[in-house]
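Chemist: So that we are looking at the same thing, I have put the structure below in structure tokens.
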Number of protein chains: 2
Amino acid sequence: MSINNRIADLRQQMNQHGLAAYIIPSSDPHQSEYVADHWKSREWISGFTGSTGLVIITPDHAGLWTDSRYFIQAEQELADSEMVLHKLKVPHTPEYLDWLADTLPAGSKVGLDGWLFSVLQIRALHRVLHQKDIEVTSDLDLIDLVWSDRPALPQAQAFELPLSVTGQSRAAKIEQIKSEMQTQNCDYHLISDLADLCWMLNLRSSDIDYNPVTIGYLLIGPELHYLFIDEQKISADIRSNLQADGLSIKPYEAIKGFLEQLPAGARVLLDPRSTNISLYQCLSEEQVQRGDAPSVLLRSIKNKTEIEHIREAMLKDGVALTRLYRWLEERLQEGPISEVAVAQQLDDFRRAQGDYHGESFSAIVGYAGNGAIVHYRPMPEHCADVKSEGILLLDSGGQYVQGTTDITRTTALSAPTAEQKRNFTLVLKGHIGLAKIRFPYGTRGNQLEILARQHLWQEGLNYGHGTGHGVGFFLNVHEGPQAIGSGATGKAAIVLEPGMFTSNEPGYYQTGDYGIRIENLILCVEGLTTDYGRFLEFETLTLFPIDRNLIDWGLLNEAEKTWLADYHQQVYEQLAPRLVAEEQEWLREQCGL
Amino acid sequence: MSINNRIADLRQQMNQHGLAAYIIPSSDPHQSEYVADHWKSREWISGFTGSTGLVIITPDHAGLWTDSRYFIQAEQELADSEMVLHKLKVPHTPEYLDWLADTLPAGSKVGLDGWLFSVLQIRALHRVLHQKDIEVTSDLDLIDLVWSDRPALPQAQAFELPLSVTGQSRAAKIEQIKSEMQTQNCDYHLISDLADLCWMLNLRSSDIDYNPVTIGYLLIGPELHYLFIDEQKISADIRSNLQADGLSIKPYEAIKGFLEQLPAGARVLLDPRSTNISLYQCLSEEQVQRGDAPSVLLRSIKNKTEIEHIREAMLKDGVALTRLYRWLEERLQEGPISEVAVAQQLDDFRRAQGDYHGESFSAIVGYAGNGAIVHYRPMPEHCADVKSEGILLLDSGGQYVQGTTDITRTTALSAPTAEQKRNFTLVLKGHIGLAKIRFPYGTRGNQLEILARQHLWQEGLNYGHGTGHGVGFFLNVHEGPQAIGSGATGKAAIVLEPGMFTSNEPGYYQTGDYGIRIENLILCVEGLTTDYGRFLEFETLTLFPIDRNLIDWGLLNEAEKTWLADYHQQVYEQLAPRLVAEEQEWLREQCGL
């Protein structure tokens with residue numbers, strides 16, 4: 001069934017409902033970034049496989065809004081349909097709202113499925129469209145009517161993480177949340193975000209590719225708490241453990257009715273960014289207390305046990321990457337090999353490290369020009385062959401029980417040009433600048449980001465993505481609340497706290513030619529305290545050498561060279577004990593020791 | 001009459017009006033930073049002479065709120081009275097509001113003079129105090145009742161700047177504003193800010209020390225415009241020039257009545273940050289359109305003519321400073337000399353350069369430990385003697401018809417210690433980092449500021465003031481809207497535009513020992529445009545050598561040494577033609593040429 005046919009079917013439904021437009025976002029009822037197949041309706045209607053995007057269908061237009069990371073990919077994927085690409089000027093902004101207001105006639109009606117839109121998104125929609133006298137109907141899941149072979153809801157078994165891994169019991173986490181609920185004078189707290197739910201309950205699963213979450217809602221109450229989930233996913237053992245902590249299991253679909261029958265005087269804390277409008281409308285204005293979900297900040301600050309496990313995950317990842325790059329060197333002598341095969345081999349090496357639950361995202365093996373497509377994902381049907389020449393960008397991560405990893409290395413497979421070395425070194429200078437900064441407590445990510453960009457800027461260069469995203473603990477590879485970016489508001493405006501775990505990944509992309517990105521994960525830690533206050537620092541936890549063949553050494557100053565030498569010393573010392581002699585030799589050479 | 005007696009008199013008035021507290025801010029009816037003597041009521045009631053502060057008197061407490069720049073000075077100046085210093089945790093924040101809410105009983109009444117409070121300030125006051133059921137009475141100028149020898153309103157003659165100096169006629173500026181008023185669908189625009197008024201009308205005066213403004217209100221109308229001002233300040237010539245541009249002169253006091261009789265349907269654009277609540281209340285809610293005063297941004301972007309004149313002002317200032325430092329070297333050989341005498345001599349040298357209207361602020365001649373008092377101002381009665389040893393911090397500026405200057409140099413009067421050199425060099429590295437940055441259009445000051453601080457942070461050091469303030473054109477030395485600072489909101493969150501003129505002044509302060517600050521004025525200019533967008537840069541306009549004796553050369557990298565050498569080459573080449581041979585020789589040596 002072609003994309004154009006799907007669009008035609010949807011238009012027929014829209015016509016029956018008197019809609020001038022229908023909006024299909026990328027999200028699920030939990031405002032997840034990655035969603036289960038059941039909710040990949042935006043992909044189904046458009047053919048666009050990127051992680052972020054929004055589709056609007058009108059009787060005479062079909063449009064996809066996405067950001068610059070995906071422009072090249074989207075143009076390729078939309079080529080065979082009537083779907084038109086709308087390029088976002090600013091990533092993650094609802095620029096489609098103005099388009100709707102400009103395009104639709106006054107008095108018309110827009111439809112959408114309220115389970116897929118957050119309270120905040122719907123507010124913004126109403127604010128813009130109300131001025132134009134455009135009505136919004138938010139109870140229409142038209143996709144369900146036209147998507148005949150829609151996948152079922154995921155049914156993976158949930159599993160518990162022991163205290164030795166999480167460092168904090170479920171009961172203790174619930175107590176922390178309840179104390180915050182008391183401060184805010186609330187009786188209930190609704191948790192829709194899947195990472196929050198899994199962190200709170202020390203549960204994991206595989207309901208969604210790459211994100212080891214289970215799908216459900218959690219309602220923390222004054223005494224009893226409720227987990228709304230497909231009951232088949234919960235084993236008898238887990239059920240009794242949950243019950244021991246005051247948790248009742250209810251069917252996933254029961255959340256709506258349960259909220260509707262809460263006492264009129266009950267006060268429910270919910271986060272308007274992660275709560276969908278359909279659930280929100282089950283409560284009266286008096287029942288709702290909008291606010292930050294306390295679990296978001298708590299979850300982002302890794303405890304000592306989690307940090308010790310993350311160190312172990314980094315060792316595993318470093319060993320797997322050592323084996324991958326050694327294997328690749330040998331393999332390339334036999335001839336080209338597909339990008340997908342490289343990703344598969346890395347996945348195998350990671351799996352062999354044990355306690356491995358798969359990739360933390362689909363590995364980006366970007367050979368030559370593919371490396372310049374920021375969120376490239378090689379597909380078996382049409383990926384490139386890696387050859388022993390040019391530049392390879394490899395961005396990948398693993399989900400170990402000990403933690404989530406995310407690393408990018410850029411490697412010269414033959415002698416790089418002077419320009420490639422210059423650009424790589426500018427990116428490296430930025431990476432080092434951020435890695436070794438010390439900053440007063442109270443500093444935000446948007447104050448730090450220039451450290452990663454300034455050397456590129458000086459040459460009139462730049463990169464079109466953020467510099468650092470939060471990373472979960474054996475959870476989502478993209479987690480808030482913090483980020484290192486340029487935004488005046490949002491994640492980059494959050495104050496960095498010790499224990500926050502973030503990526504450091506400046507890059508440079510020469511379209512059609514090659515991509516450069518150097519990514520390590522960095523942990524925010526206490527620095528020194530002086531008369532001038534409390535200072536924080538970053539500790540780089542990722543362990544794998546940065547390609548020295550790509551460095552223009554003349555562009556590095558002494559402090560940068562010292563950082564790199566120290567880092568490579570660390571990498572070697574930490575990884576060597578887990579490697580055999582030939583691997584140690586290879587690593588020693590890569591580390592310049 | 002002692003401070004305590006003044007407080008006692010005020011309390012008597014408060015008692016008669018049934019007030020639990022009376023608030024005295026630093027401002028005038030125009031929300032000026034510097035105010036005429038007539039409005040120095042906060043200084044009169046407290047004895048504190050700093051530029052920023054707020055006093056609250058209750059029956060049993062007298063408190064002054066000010067920021068860390070003034071802690072040392074305030075403690076000295078409040079020592080002889082019952083006035084207590086409240087140290088602001090965050091500069092420029094209304095922390096006194098929480099104090100009022102915590103201290104005053106419910107049902108009590110707070111009094112203030114509404115002419116001295118902006119609309120925004122009063123909103124914040126009501127928001128906090130309303131919760132505690134505390135009433136605010138904003139029509140009480142009690143200071144006027146107790147300040148028997150209060151100075152009269154200033155009466156300096158206004159003068160016009162010719163088009164050859166301003167580069168834009170008054171008529172053209174009014175047209176720009178009217179076009180913005182039309183966009184916002186407004187018939188009138190009220191300008192309360194004195195810098196805005198003077199910039200708009202190409203007028204200057206000397207109503208306020210250091211700020212060459214005239215005091216008045218400007219009301220731009222659909223056809224006729226109105227200047228509310230003491231009519232004696234306007235000569236017949238200027239009056240007829242103003243009239244030719246559609247401006248009527250009205251008495252200063254007539255503004256209130258004039259606003260009150262505007263047609264009910266008239267829409268008045270006003271800026272709630274610079275409009276006082278007494279004037280605001282002359283208009284109905286329907287008449288008011290709150291918004292940014294368009295003149296603020298227009299004024300901050302210097303035009304080509306202004307920039308050419310600023311270059312001339314910088315030459316004059318550089319020559320005056322050359323003469324001052326040469327004179328000081330010789331003078332110190334004869335023995336110590338007071339800080340005030342140094343300031344006076346510099347003022348004399350500036351005056352000799354012509355077109356000089358006095359200092360742009362009271363010069364900070366901070367010898368040794370006084371240099372560590374960030375906003376130190378030497379007073380004839382009790383200032384220090386400068387000797388030929390230790391470190392001298394000199395922060396000063398001039399008001400020339402060609403522009404406003406502001407420069408700080410830190411000078412070693414004897415061989416500096418290794419630690420002094422290290423600290424100076426850390427500050428210098430920050431100064432250079434900001435001076436030579438290139439950045440994409442859209443960048444805010446709060447993204448850049450880390451460049452100035454990072455080297456101090458790395459050593460656990462910091463400084464307690466912002467890094468860059470906007471500077472007017474032969475106007476106020478502190479002008480918005482932009483700044484280079486750490487704030488998530490406010491001036492540092494404003495996008496930098498080409499033509500904006502800002503200081504670059506990192507520092508370091510060793511309490512009781514010495515202060516370091518290196519300040520140049522920098523102009524935001526177009527850089528290059530590449531595939532990655534439009535980049536901006538800073539051009540350093542201030543011309544005077546940075547003390548090379550204070551540099552630890554081992555801490556500077558090659559790029560920093562190159563910047564400094566280039567800067568000193570520029571300084572010498574630009575200033576030398578205006579100097580006599582011995583001065584050239586001295587400057588050449590200072591510049592390391």
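Ordering of the structure tokens sets the chain letters (A, B, ...), residue numbers begin anew at 1 in every chain, and ligands are numbered from 1 in the order given.
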Residues of region 213-385 of chain A classed as helix (DSSP H, G or I) by DSSP on the backbone are to be reported as a PyMOL selection string.

Modeler: chain A and resi 231-233+236-244+252-260+277-280+294-300+304-333+339-351+368-372+380-382

Chemist: Could you please tell me, as JSON, numbers by chain, which residues of chain A have an atom within 10 Å of chain B when using only C-alpha atoms?

Modeler: {"A": [433, 436, 437, 438, 439, 440, 442, 443, 444, 445, 446, 447, 448, 449, 450, 451, 453, 454, 455, 456, 457, 458, 459, 460, 461, 462, 463, 464, 485, 486, 487, 488, 489, 493, 494, 527, 528, 529, 530, 531, 532, 533, 534, 535, 536, 537, 557, 558, 559]}

Chemist: Go through A:Asn370, A:Ser118, A:Ser164, A:Ser396 one by one, measure the shortest atom-to-atom distance of each to Asp347 (chain A) using only C-alpha atoms, and give the residue with the smallest value.

Modeler: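 Nearest to Asp347 (chain A): A:Ser396.
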
Chemist: DSSP on the backbone, strand (DSSP E or B) only: what residues of region 342-504 of chain B does that give? Format it as a ChimeraX atom specification.

Modeler: /B:356-359,364-367,385-386,391-396,398-400,403-404,407-412,438-440,444,468-470,483-484,495,500-504

Chemist: Name the residues in contact with Arg150 (chain B) at a cut-off of 10 Å, using only C-alpha atoms, excluding same-chain residues fewer than 2 positions from it; report them as an MDAnalysis selection string.

Modeler: chainID B and resid 37:41 44 143:148 152:153

Chemist: Identify, on the basis of only C-alpha atoms, every residue whose closest approach to Leu88 (chain A) does not exceed 8 Å; exclude the query and any residue fewer than 6 positions from it along the same chain; express the result as a list of chain:residue names.

Modeler: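 Residues meeting the cut-off are A:Trp65, A:Thr66, A:Asp67, A:Ser68, A:Glu95.
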
Chemist: Could you list, as a list in words, every residue within 9 Å of Val571 (chain B), counting only C-alpha atoms and ignoring same-chain residues fewer than 4 positions away?

Modeler: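 Using only C-alpha atoms, the neighbours found are Gly318, Thr542, Leu543, Phe544, Pro545, Asp566, Tyr567, Leu575, Ala576, Leu587 and Cys591 of chain B.
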
Chemist: Can those selected residues be exported to a file as a PDB file, in the first residue's frame so that it contains all heavy atoms?

Modeler:
ATOM      1  N   GLY B 318      42.863  57.921  24.762  1.00  0.00           N
ATOM      2  CA  GLY B 318      44.169  57.273  24.802  1.00  0.00           C
ATOM      3  C   GLY B 318      45.286  58.284  25.043  1.00  0.00           C
ATOM      4  O   GLY B 318      46.238  58.021  25.807  1.00  0.00           O
ATOM      5  N   THR B 542      38.816  50.754  22.376  1.00  0.00           N
ATOM      6  CA  THR B 542      39.623  51.451  23.374  1.00  0.00           C
ATOM      7  C   THR B 542      41.104  51.318  23.025  1.00  0.00           C
ATOM      8  O   THR B 542      41.545  50.240  22.618  1.00  0.00           O
ATOM      9  CB  THR B 542      39.352  50.845  24.765  1.00  0.00           C
ATOM     10  OG1 THR B 542      37.971  51.019  25.067  1.00  0.00           O
ATOM     11  CG2 THR B 542      40.210  51.520  25.836  1.00  0.00           C
ATOM     12  N   LEU B 543      41.836  52.396  23.207  1.00  0.00           N
ATOM     13  CA  LEU B 543      43.242  52.414  22.800  1.00  0.00           C
ATOM     14  C   LEU B 543      44.148  52.816  23.959  1.00  0.00           C
ATOM     15  O   LEU B 543      44.359  54.005  24.223  1.00  0.00           O
ATOM     16  CB  LEU B 543      43.425  53.404  21.641  1.00  0.00           C
ATOM     17  CG  LEU B 543      42.723  53.073  20.315  1.00  0.00           C
ATOM     18  CD1 LEU B 543      42.749  54.284  19.385  1.00  0.00           C
ATOM     19  CD2 LEU B 543      43.366  51.871  19.657  1.00  0.00           C
ATOM     20  N   PHE B 544      44.678  51.850  24.658  1.00  0.00           N
ATOM     21  CA  PHE B 544      45.704  52.145  25.656  1.00  0.00           C
ATOM     22  C   PHE B 544      46.374  50.842  26.062  1.00  0.00           C
ATOM     23  O   PHE B 544      45.694  49.818  26.194  1.00  0.00           O
ATOM     24  CB  PHE B 544      45.117  52.849  26.890  1.00  0.00           C
ATOM     25  CG  PHE B 544      46.188  53.414  27.783  1.00  0.00           C
ATOM     26  CD1 PHE B 544      46.906  54.535  27.385  1.00  0.00           C
ATOM     27  CD2 PHE B 544      46.518  52.795  28.980  1.00  0.00           C
ATOM     28  CE1 PHE B 544      47.930  55.043  28.184  1.00  0.00           C
ATOM     29  CE2 PHE B 544      47.521  53.300  29.780  1.00  0.00           C
ATOM     30  CZ  PHE B 544      48.233  54.422  29.385  1.00  0.00           C
ATOM     31  N   PRO B 545      47.703  50.860  26.236  1.00  0.00           N
ATOM     32  CA  PRO B 545      48.401  49.590  26.513  1.00  0.00           C
ATOM     33  C   PRO B 545      47.953  48.924  27.815  1.00  0.00           C
ATOM     34  O   PRO B 545      47.551  49.579  28.766  1.00  0.00           O
ATOM     35  CB  PRO B 545      49.874  49.982  26.562  1.00  0.00           C
ATOM     36  CG  PRO B 545      49.913  51.470  26.627  1.00  0.00           C
ATOM     37  CD  PRO B 545      48.637  51.981  26.051  1.00  0.00           C
ATOM     38  N   ASP B 566      49.195  42.462  18.420  1.00  0.00           N
ATOM     39  CA  ASP B 566      48.438  43.215  17.416  1.00  0.00           C
ATOM     40  C   ASP B 566      47.735  44.410  18.047  1.00  0.00           C
ATOM     41  O   ASP B 566      47.706  45.506  17.478  1.00  0.00           O
ATOM     42  CB  ASP B 566      47.375  42.312  16.743  1.00  0.00           C
ATOM     43  CG  ASP B 566      48.004  41.278  15.833  1.00  0.00           C
ATOM     44  OD1 ASP B 566      49.213  41.382  15.563  1.00  0.00           O
ATOM     45  OD2 ASP B 566      47.269  40.360  15.413  1.00  0.00           O
ATOM     46  N   TYR B 567      47.159  44.178  19.227  1.00  0.00           N
ATOM     47  CA  TYR B 567      46.453  45.271  19.904  1.00  0.00           C
ATOM     48  C   TYR B 567      47.432  46.401  20.228  1.00  0.00           C
ATOM     49  O   TYR B 567      47.149  47.579  19.967  1.00  0.00           O
ATOM     50  CB  TYR B 567      45.773  44.753  21.181  1.00  0.00           C
ATOM     51  CG  TYR B 567      45.102  45.857  21.969  1.00  0.00           C
ATOM     52  CD1 TYR B 567      44.016  46.543  21.443  1.00  0.00           C
ATOM     53  CD2 TYR B 567      45.577  46.233  23.230  1.00  0.00           C
ATOM     54  CE1 TYR B 567      43.407  47.572  22.139  1.00  0.00           C
ATOM     55  CE2 TYR B 567      44.973  47.258  23.936  1.00  0.00           C
ATOM     56  CZ  TYR B 567      43.881  47.932  23.392  1.00  0.00           C
ATOM     57  OH  TYR B 567      43.296  48.953  24.087  1.00  0.00           O
ATOM     58  N   LEU B 575      47.747  56.190  18.349  1.00  0.00           N
ATOM     59  CA  LEU B 575      47.953  57.297  19.279  1.00  0.00           C
ATOM     60  C   LEU B 575      49.194  58.125  18.951  1.00  0.00           C
ATOM     61  O   LEU B 575      49.219  59.343  19.185  1.00  0.00           O
ATOM     62  CB  LEU B 575      48.060  56.778  20.722  1.00  0.00           C
ATOM     63  CG  LEU B 575      46.820  56.125  21.334  1.00  0.00           C
ATOM     64  CD1 LEU B 575      47.083  55.750  22.787  1.00  0.00           C
ATOM     65  CD2 LEU B 575      45.607  57.046  21.255  1.00  0.00           C
ATOM     66  N   ALA B 576      50.229  57.497  18.413  1.00  0.00           N
ATOM     67  CA  ALA B 576      51.513  58.172  18.241  1.00  0.00           C
ATOM     68  C   ALA B 576      51.412  59.516  17.511  1.00  0.00           C
ATOM     69  O   ALA B 576      52.034  60.498  17.940  1.00  0.00           O
ATOM     70  CB  ALA B 576      52.518  57.242  17.557  1.00  0.00           C
ATOM     71  N   LEU B 587      55.206  55.472  25.122  1.00  0.00           N
ATOM     72  CA  LEU B 587      54.133  54.581  24.671  1.00  0.00           C
ATOM     73  C   LEU B 587      54.706  53.375  23.938  1.00  0.00           C
ATOM     74  O   LEU B 587      54.240  52.244  24.120  1.00  0.00           O
ATOM     75  CB  LEU B 587      53.169  55.344  23.746  1.00  0.00           C
ATOM     76  CG  LEU B 587      51.927  54.564  23.307  1.00  0.00           C
ATOM     77  CD1 LEU B 587      51.041  54.232  24.497  1.00  0.00           C
ATOM     78  CD2 LEU B 587      51.125  55.363  22.268  1.00  0.00           C
ATOM     79  N   CYS B 591      54.062  49.547  24.898  1.00  0.00           N
ATOM     80  CA  CYS B 591      53.460  48.624  23.934  1.00  0.00           C
ATOM     81  C   CYS B 591      54.408  47.493  23.567  1.00  0.00           C
ATOM     82  O   CYS B 591      54.066  46.623  22.754  1.00  0.00           O
ATOM     83  CB  CYS B 591      53.031  49.376  22.673  1.00  0.00           C
ATOM     84  SG  CYS B 591      51.633  50.480  22.965  1.00  0.00           S
TER      85      CYS B 591
END

Chemist: Which residues are near region 410-416 of chain B? Cut-off 7 Å, only C-alpha atoms, ignore same chain within fewer than 6 positions. Put them as a PyMOL selection string.

Modeler: chain B and resi 388-394+516-518+547+549-550

Chemist: Extract, using only C-alpha atoms, all DNA, RNA and protein residues at most 9 Å from Ile122 (chain B), discarding same-chain residues fewer than 6 positions from it, and format them as number ranges by chain.

Modeler: B: 114, 136, 138, 276-277
